[in-house]
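In what follows, a structure is listed as structure tokens, so that the remarks can point back to it.
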Amino acid sequence: MIGEHLPALQVVVPLVAAPLIVLARRGAAAWLIATIASFVSLAIALALFVEVREAGVVSYALGSWAPPWGIEYRIDAANSVVLVLVALLASFVAPYAWRSAAFEVPEDQHYLCYAMFCLCLAGLLGIAITGDAFNLFVFLEISSLSSYVLIALGRDRRALLSAYQYLIVGTIGATFYVIGVGLLYLETGTLNIADLAARVAEVGTERPVLAALAFITVGLSLKLALFPLHFWLPNAYAYAPSIVSAFLAGTATKVSIYALLRFYFSVFGAHELFEVLPMGAILLALSVAAMMLASLGAVFQDNLKHMLAYSSVGQIGYITFGISLANQPALTGSVVHLVNHGVTKTALFLLAGAVAFRVRSVRFERLGGLARAMPLTCAGIVAGGFSLIGVPGTAGFVSKWYFVLGALEAGSWSMAFLPVVSSLIALWYMWRFVEVAYFRAPGPALAGVKEAPPALLVPSLALIAVTVFFGLDAPLTVGAAAQAAQVLLGGIR
Amino acid sequence: MRHYLVLRVIGKLLIPFMLMFALYVQFHGESGPGGGFQAGVIAAAAIIFYAIIFGLPTARKVVPDRLVETMLAGGVLLYALVGVAGILLGGNYLDYFVLAHDPVHGQERGIFWIEVGVAITVSGVMLKIFYMFAGRRRPEGAGE
């Protein structure tokens, strides 16, 4: 009986957990509820993932109002991957939060922090699961509003300013998205994404549809931090509490990328966008700029979290690079990289949080010789860095391999070199960390610094192990991603 | 403002009617303008009015912070549980058809409880925001 309601429970479990946490009030109980909710979400996401592989598409009519009139939750090969990613990262971040949030968030705000975490999780899962364009907007707002609060919880007073900046930018993004959806509704009279797809194809590229495309592209690009709309991201991630930067870095931008994929390939259609309209060229130019300039930006940061944040913008460039090529291997690469980068970046931010926990700073000038004080943490960061660079045997290599294949399939040797060049820049910025942590003498800031406690180290190193596992057992992720790419390229019909 | 006799007397007279009006808007929502959101705002406005006249500490005694936070979460929980009730009675999530023997009556019952949840949360949030802003310490020399 419970099985057929899994799509609803996927969102309802974390959503119900949030008010329960507020009622519980106690920090420990709040943490327990949040952790259980994350684990249950992961179990549901995995069950749905398996079900989709057998059944193809799972559709759930909320309130028993049949789609396209009612709100439909629709899970196929593309979004089942995103659901698993979001729930998986939440399940690693939640246990880690026990010590980290206790250290970084004022005690009277613990339960609110966990409540917001659960709301954010519900929102992100909702964006991924819903088959209704307006419902997607509602979940976008739920996840965004809770993430503004989460970022503002940072101990650094600049966190408040970054959260405010993100609030302004995020609100503009969400408004643009809803204007785009409004225009599509005007033109087609429907909000159901599958129904929209069929009707937009009939309408063709009339001006309101083009305007909708422009609004949705810019709105979602703000949310997913596509270069040059990424300016809110580095500060938001750098000053937020560690659990928040880790969770958001792996999920928030990735879910927005999924929404963009859904609109591009399922609603507007790959043919219209990339053959009739010059979206491919626009997206390609921005992606290359992100891969090169944002990655170069990462080289010149003096703070570990800032460096990782700029690196995120660069890595998002890879994903949109794959989207702009719009062929099977490139899109497979995009979906795989969505997962691989999400896992890698969350692991790295968790480790950066472990550093912040012991050293009370993540500025490079205070991390000299860190590897002697915190060998496991530093080894983990280096392993995560390998994945960012794309060293064979790590997750990053698998996705970059598919980007190169995609570029070759698009018939361009020069484009195949772009991911390689960007990887060299990643090598450069990761080398800066290695140089600081391994080759400098320990400074006075490190006096008395010990290895991070197991409560922080175990979840983060386990996630690094997942990165390596995804690199070694590539068919697992690539198989799912290839199916996702196939569904997306085939349109929703 | 507790020294203004007229305000105090009129306030005491009006506040019960404001609360009553909130209930009217709440329960009349299905056949006229109104509903949970508006009712919640009106009820919160009555308390805020009380706080302005009799001072924040008195209002906090009448509606303590703890209660406000419970309302804030309780309303959402009620809303979500109405949805779960749909599942338990054999329908989908948020399915009101199964809430009563007659589907039309079920819809009525479902939206009734949903609106109650909305009203509780909205008035809780309004009061929370008011308490937080009004409870902030003012910088020195910024007047009364």
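The chains in the structure tokens are called A, B, ... from first to last as shown; in each chain the residues are counted from 1, and the ligands are counted from 1 in the order shown.
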Contacts of chain B with chain A up to 12 Å, shortest pair per row, only C-alpha atoms, as CSV:
```
residue,atom,partner,partner_atom,distance
B:Arg66,CA,A:Leu23,CA,9.4
B:Leu67,CA,A:Leu23,CA,10.1
B:Val68,CA,A:Leu23,CA,10.8
B:Glu69,CA,A:Val22,CA,7.3
B:Thr70,CA,A:Leu23,CA,6.0
B:Met71,CA,A:Leu23,CA,9.2
B:Leu72,CA,A:Pro19,CA,7.9
B:Ala73,CA,A:Pro19,CA,4.4
B:Gly74,CA,A:Pro19,CA,6.8
B:Gly75,CA,A:Pro19,CA,8.6
B:Val76,CA,A:Pro19,CA,6.6
B:Leu77,CA,A:Pro19,CA,6.1
B:Leu78,CA,A:Val16,CA,9.5
B:Tyr79,CA,A:Val16,CA,9.5
B:Ala80,CA,A:Val16,CA,6.5
B:Leu81,CA,A:Val16,CA,8.3
B:Val82,CA,A:Gly63,CA,10.8
B:Gly83,CA,A:Gly63,CA,8.1
B:Val84,CA,A:Val12,CA,8.7
B:Ala85,CA,A:Gly63,CA,11.2
B:Gly86,CA,A:Gly63,CA,8.0
B:Ile87,CA,A:His5,CA,7.6
B:Leu88,CA,A:Met1,CA,9.4
B:Leu89,CA,A:Met1,CA,11.1
B:Gly90,CA,A:Met1,CA,8.6
B:Gly91,CA,A:Ser64,CA,7.1
B:Asn92,CA,A:Gly63,CA,5.6
B:Tyr93,CA,A:Gly63,CA,5.5
B:Leu94,CA,A:Gly63,CA,4.4
B:Asp95,CA,A:Gly63,CA,3.7
B:Tyr96,CA,A:Gly63,CA,6.7
B:Phe97,CA,A:Ser64,CA,8.2
B:Val98,CA,A:Ser64,CA,9.8
B:Leu99,CA,A:Gly63,CA,11.3
B:Pro103,CA,A:Ser64,CA,11.7
B:Gly106,CA,A:Gly63,CA,11.7
B:Gln107,CA,A:Gly63,CA,10.1
B:Gly110,CA,A:Gly63,CA,10.4
B:Ile111,CA,A:Gly63,CA,11.6
B:Thr121,CA,A:Pro19,CA,10.5
```
Which residues are close to Leu260 in chain A, i.e. within 8 Å by only C-alpha atoms, leaving aside same-chain residues fewer than 2 positions away? Reply as an MDAnalysis selection string.
chainID A and resid 216:217 220 256:258 262:264
Exercise: Cys120 in chain A partners within 8 Å, only C-alpha atoms, chain neighbours under 2 positions left out, as a ChimeraX atom specification
/A:116-118,122-124,142-144,146-147
Hey, can you spit out that residue selection with C-alpha atoms as a PDB file, in the first residue's frame?
```pdb
ATOM      1  CA  MET A 116      15.343  24.774   7.568  1.00  0.00           C
ATOM      2  CA  PHE A 117      17.563  21.929   6.430  1.00  0.00           C
ATOM      3  CA  CYS A 118      14.528  19.642   6.175  1.00  0.00           C
ATOM      4  CA  ALA A 122      11.826  18.923   0.752  1.00  0.00           C
ATOM      5  CA  GLY A 123      12.040  21.833  -1.689  1.00  0.00           C
ATOM      6  CA  LEU A 124      14.944  20.376  -3.654  1.00  0.00           C
ATOM      7  CA  ILE A 142      10.657  26.671  -0.604  1.00  0.00           C
ATOM      8  CA  SER A 143      14.224  25.542  -1.194  1.00  0.00           C
ATOM      9  CA  SER A 144      15.495  29.070  -1.887  1.00  0.00           C
ATOM     10  CA  SER A 146      15.175  28.069   3.439  1.00  0.00           C
ATOM     11  CA  SER A 147      18.650  28.292   1.926  1.00  0.00           C
TER      12      SER A 147
END
```
Pick from B:Glu108, B:Leu14, B:Ile47, B:Val122: nearest to Ser31 in chain B, with only C-alpha atoms counted?
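Closest to Ser31 in chain B of all the choices is B:Glu108.
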Near Leu46 in chain A, counting only C-alpha atoms, which residues have an atom at most 7 Å away, once you skip same-chain residues fewer than 4 positions from it, shown as a VMD selection string?
chain A and resid 42 50 84
Selection from above, N, CA and C atoms, as a PDB file, in the first residue's frame, can you write it?
```
ATOM      1  N   LEU A  42      16.298   8.986   1.451  1.00  0.00           N
ATOM      2  CA  LEU A  42      17.224   8.239   0.600  1.00  0.00           C
ATOM      3  C   LEU A  42      16.632   6.874   0.247  1.00  0.00           C
ATOM      4  N   VAL A  50      14.764   2.294  -8.489  1.00  0.00           N
ATOM      5  CA  VAL A  50      14.625   0.914  -8.955  1.00  0.00           C
ATOM      6  C   VAL A  50      13.313   0.751  -9.715  1.00  0.00           C
ATOM      7  N   VAL A  84      17.972  10.680  -6.098  1.00  0.00           N
ATOM      8  CA  VAL A  84      18.935   9.886  -5.331  1.00  0.00           C
ATOM      9  C   VAL A  84      20.099  10.762  -4.898  1.00  0.00           C
TER      10      VAL A  84
END
```
Straight-line distance linking CA of Ile323 in chain A with CA of Ala474 in chain A, stated in Å to one decimal
20.3 Å
Hey, what's within 10 Å of Arg155 in chain A if we count only C-alpha atoms and toss same-chain stuff fewer than 5 positions away? As an mmCIF file with C-alpha atoms, in the first residue's frame, please?
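around_39.cif, written as the output of this step:
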```cif
data_model
loop_
_atom_site.group_PDB
_atom_site.id
_atom_site.type_symbol
_atom_site.label_atom_id
_atom_site.label_comp_id
_atom_site.auth_asym_id
_atom_site.auth_seq_id
_atom_site.Cartn_x
_atom_site.Cartn_y
_atom_site.Cartn_z
ATOM 1 C CA PHE A 103 30.096 24.288 16.785
ATOM 2 C CA GLU A 104 29.059 26.794 14.134
ATOM 3 C CA VAL A 105 25.422 27.636 14.891
ATOM 4 C CA PRO A 106 24.274 29.376 18.107
ATOM 5 C CA LEU A 160 24.166 38.007 6.436
ATOM 6 C CA TYR A 239 30.370 32.407 4.739
ATOM 7 C CA ALA A 240 27.554 29.900 5.290
ATOM 8 C CA PRO A 241 27.958 27.265 8.038
#
```
List as a VMD selection string the protein and nucleic acid residues near range 228-234 of chain A, meaning an atom at most 8 Å away when only C-alpha atoms are counted, but skip any in the same chain fewer than 5 places from it.
chain A and resid 162 165 to 166 169 221 to 222 286 290 306 309 to 310 313
Would you pick out the contacts of Pro208 in chain A at 12 Å or less, using only C-alpha atoms, so that residues sharing its chain but fewer than 2 positions from it are not included, and give the list as a ChimeraX atom specification?
/A:179-188,200,203-206,210-216
Write the selection just made, keeping C-alpha atoms, as a PDB file, in the first residue's frame?
```pdb
ATOM      1  CA  ILE A 179       7.193  34.978 -15.874  1.00  0.00           C
ATOM      2  CA  GLY A 180       8.441  32.428 -18.384  1.00  0.00           C
ATOM      3  CA  VAL A 181       5.995  29.822 -17.130  1.00  0.00           C
ATOM      4  CA  GLY A 182       3.235  32.448 -17.264  1.00  0.00           C
ATOM      5  CA  LEU A 183       3.999  33.148 -20.915  1.00  0.00           C
ATOM      6  CA  LEU A 184       3.943  29.442 -21.709  1.00  0.00           C
ATOM      7  CA  TYR A 185       0.619  29.132 -19.899  1.00  0.00           C
ATOM      8  CA  LEU A 186      -0.711  32.043 -21.935  1.00  0.00           C
ATOM      9  CA  GLU A 187       0.284  30.320 -25.121  1.00  0.00           C
ATOM     10  CA  THR A 188      -0.729  26.757 -24.315  1.00  0.00           C
ATOM     11  CA  VAL A 200       4.661  23.925 -27.352  1.00  0.00           C
ATOM     12  CA  VAL A 203       2.678  26.296 -31.277  1.00  0.00           C
ATOM     13  CA  GLY A 204       6.233  26.358 -32.599  1.00  0.00           C
ATOM     14  CA  THR A 205       8.564  29.294 -32.032  1.00  0.00           C
ATOM     15  CA  GLU A 206       6.100  32.110 -31.674  1.00  0.00           C
ATOM     16  CA  LEU A 210      10.712  32.698 -27.365  1.00  0.00           C
ATOM     17  CA  ALA A 211      10.204  35.221 -24.574  1.00  0.00           C
ATOM     18  CA  ALA A 212       9.350  32.360 -22.211  1.00  0.00           C
ATOM     19  CA  LEU A 213      12.533  30.578 -23.263  1.00  0.00           C
ATOM     20  CA  ALA A 214      14.579  33.709 -22.573  1.00  0.00           C
ATOM     21  CA  PHE A 215      12.995  34.298 -19.156  1.00  0.00           C
ATOM     22  CA  ILE A 216      13.295  30.667 -18.063  1.00  0.00           C
TER      23      ILE A 216
END
```
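Counting from CA of Tyr237 in chain A, the distance to CA of Ile151 in chain A is 7.6 Å.
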Expected answer as a ChimeraX atom specification: helix (DSSP H, G or I) residues in chain B:
/B:5-27,36-54,56-62,65-88,97-99,103-134
Serialized selection, C-alpha atoms, as a short mmCIF file (atom, residue, chain, number, x, y, z; two decimals), in the first residue's frame:
```
data_model
loop_
_atom_site.label_atom_id
_atom_site.label_comp_id
_atom_site.auth_asym_id
_atom_site.auth_seq_id
_atom_site.Cartn_x
_atom_site.Cartn_y
_atom_site.Cartn_z
CA LEU B 5 -7.86 55.90 28.48
CA VAL B 6 -9.92 56.17 25.27
CA LEU B 7 -7.60 53.83 23.39
CA ARG B 8 -7.63 51.29 26.18
CA VAL B 9 -11.40 51.21 26.51
CA ILE B 10 -12.02 51.13 22.76
CA GLY B 11 -9.29 48.55 22.32
CA LYS B 12 -10.78 46.27 24.94
CA LEU B 13 -14.15 46.67 23.29
CA LEU B 14 -12.92 46.06 19.78
CA ILE B 15 -10.49 43.17 20.22
CA PRO B 16 -13.17 40.51 20.91
CA PHE B 17 -15.00 41.62 17.80
CA MET B 18 -11.81 41.51 15.74
CA LEU B 19 -11.22 37.93 16.86
CA MET B 20 -14.86 37.09 16.14
CA PHE B 21 -14.52 38.65 12.70
CA ALA B 22 -11.45 36.52 12.08
CA LEU B 23 -13.54 33.43 12.81
CA TYR B 24 -16.27 34.72 10.51
CA VAL B 25 -13.79 35.24 7.68
CA GLN B 26 -12.36 31.79 8.40
CA PHE B 27 -15.59 29.85 8.28
CA GLY B 36 -7.50 30.81 6.27
CA PHE B 37 -4.87 33.33 5.25
CA GLN B 38 -7.05 36.39 5.76
CA ALA B 39 -8.49 35.03 9.00
CA GLY B 40 -5.03 34.32 10.34
CA VAL B 41 -3.89 37.85 9.54
CA ILE B 42 -6.97 39.40 11.20
CA ALA B 43 -6.52 37.31 14.35
CA ALA B 44 -2.84 38.23 14.51
CA ALA B 45 -3.73 41.88 13.93
CA ALA B 46 -6.01 41.78 16.97
CA ILE B 47 -3.14 40.56 19.16
CA ILE B 48 -0.74 43.08 17.62
CA PHE B 49 -3.30 45.83 18.34
CA TYR B 50 -3.41 44.61 21.94
CA ALA B 51 0.39 44.64 22.12
CA ILE B 52 0.56 48.21 20.81
CA ILE B 53 -1.88 49.47 23.44
CA PHE B 54 -0.88 47.41 26.47
CA LEU B 56 4.73 43.95 24.33
CA PRO B 57 5.35 42.19 27.70
CA THR B 58 1.60 42.03 28.44
CA ALA B 59 0.88 40.66 24.98
CA ARG B 60 3.64 38.08 25.45
CA LYS B 61 1.93 36.97 28.63
CA VAL B 62 -1.38 36.50 26.80
CA ASP B 65 6.41 32.89 22.42
CA ARG B 66 6.20 29.18 22.99
CA LEU B 67 2.57 29.14 21.84
CA VAL B 68 3.42 31.23 18.79
CA GLU B 69 6.10 28.78 17.72
CA THR B 70 3.79 25.85 18.33
CA MET B 71 1.12 27.52 16.18
CA LEU B 72 3.67 28.18 13.48
CA ALA B 73 4.63 24.53 13.23
CA GLY B 74 1.26 23.07 14.20
CA GLY B 75 -0.60 24.65 11.31
CA VAL B 76 1.82 23.25 8.74
CA LEU B 77 1.65 19.89 10.45
CA LEU B 78 -2.16 19.92 10.37
CA TYR B 79 -2.06 20.73 6.66
CA ALA B 80 0.40 17.92 5.96
CA LEU B 81 -1.56 15.46 8.09
CA VAL B 82 -4.77 16.15 6.18
CA GLY B 83 -2.80 14.99 3.16
CA VAL B 84 -1.63 11.88 5.00
CA ALA B 85 -5.22 11.19 6.07
CA GLY B 86 -6.03 10.93 2.37
CA ILE B 87 -3.42 8.19 2.02
CA LEU B 88 -4.62 6.35 5.14
CA PHE B 97 -12.63 12.69 -1.96
CA VAL B 98 -12.08 9.86 0.49
CA LEU B 99 -12.42 11.96 3.64
CA PRO B 103 -17.02 12.90 -2.29
CA VAL B 104 -18.44 16.45 -2.33
CA HIS B 105 -18.71 16.40 1.44
CA GLY B 106 -15.17 15.00 1.54
CA GLN B 107 -13.86 17.95 -0.47
CA GLU B 108 -15.62 20.30 1.93
CA ARG B 109 -14.16 18.59 4.97
CA GLY B 110 -10.66 18.47 3.47
CA ILE B 111 -10.50 22.14 2.59
CA PHE B 112 -11.99 23.04 5.98
CA TRP B 113 -9.09 21.49 7.87
CA ILE B 114 -6.55 22.75 5.36
CA GLU B 115 -7.83 26.29 5.93
CA VAL B 116 -7.66 25.81 9.70
CA GLY B 117 -4.02 24.83 9.29
CA VAL B 118 -3.35 27.85 7.10
CA ALA B 119 -5.01 30.21 9.60
CA ILE B 120 -3.00 28.84 12.55
CA THR B 121 0.32 29.08 10.73
CA VAL B 122 -0.35 32.49 9.23
CA SER B 123 -1.31 34.07 12.54
CA GLY B 124 1.65 32.34 14.19
CA VAL B 125 4.05 33.72 11.59
CA MET B 126 2.56 37.23 11.76
CA LEU B 127 2.94 37.26 15.54
CA LYS B 128 6.45 35.81 15.38
CA ILE B 129 7.55 38.51 12.95
CA PHE B 130 5.92 41.20 15.11
CA TYR B 131 7.47 39.89 18.32
CA MET B 132 10.90 39.68 16.73
CA PHE B 133 10.82 43.21 15.34
CA ALA B 134 9.18 44.75 18.39
#
```
Could you tell me how far CA of Pro33 in chain B lies from CA of Asn135 in chain A, in Å and to one decimal?
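Taking CA of Pro33 in chain B as the start and CA of Asn135 in chain A as the end point, the length is 24.6 Å.
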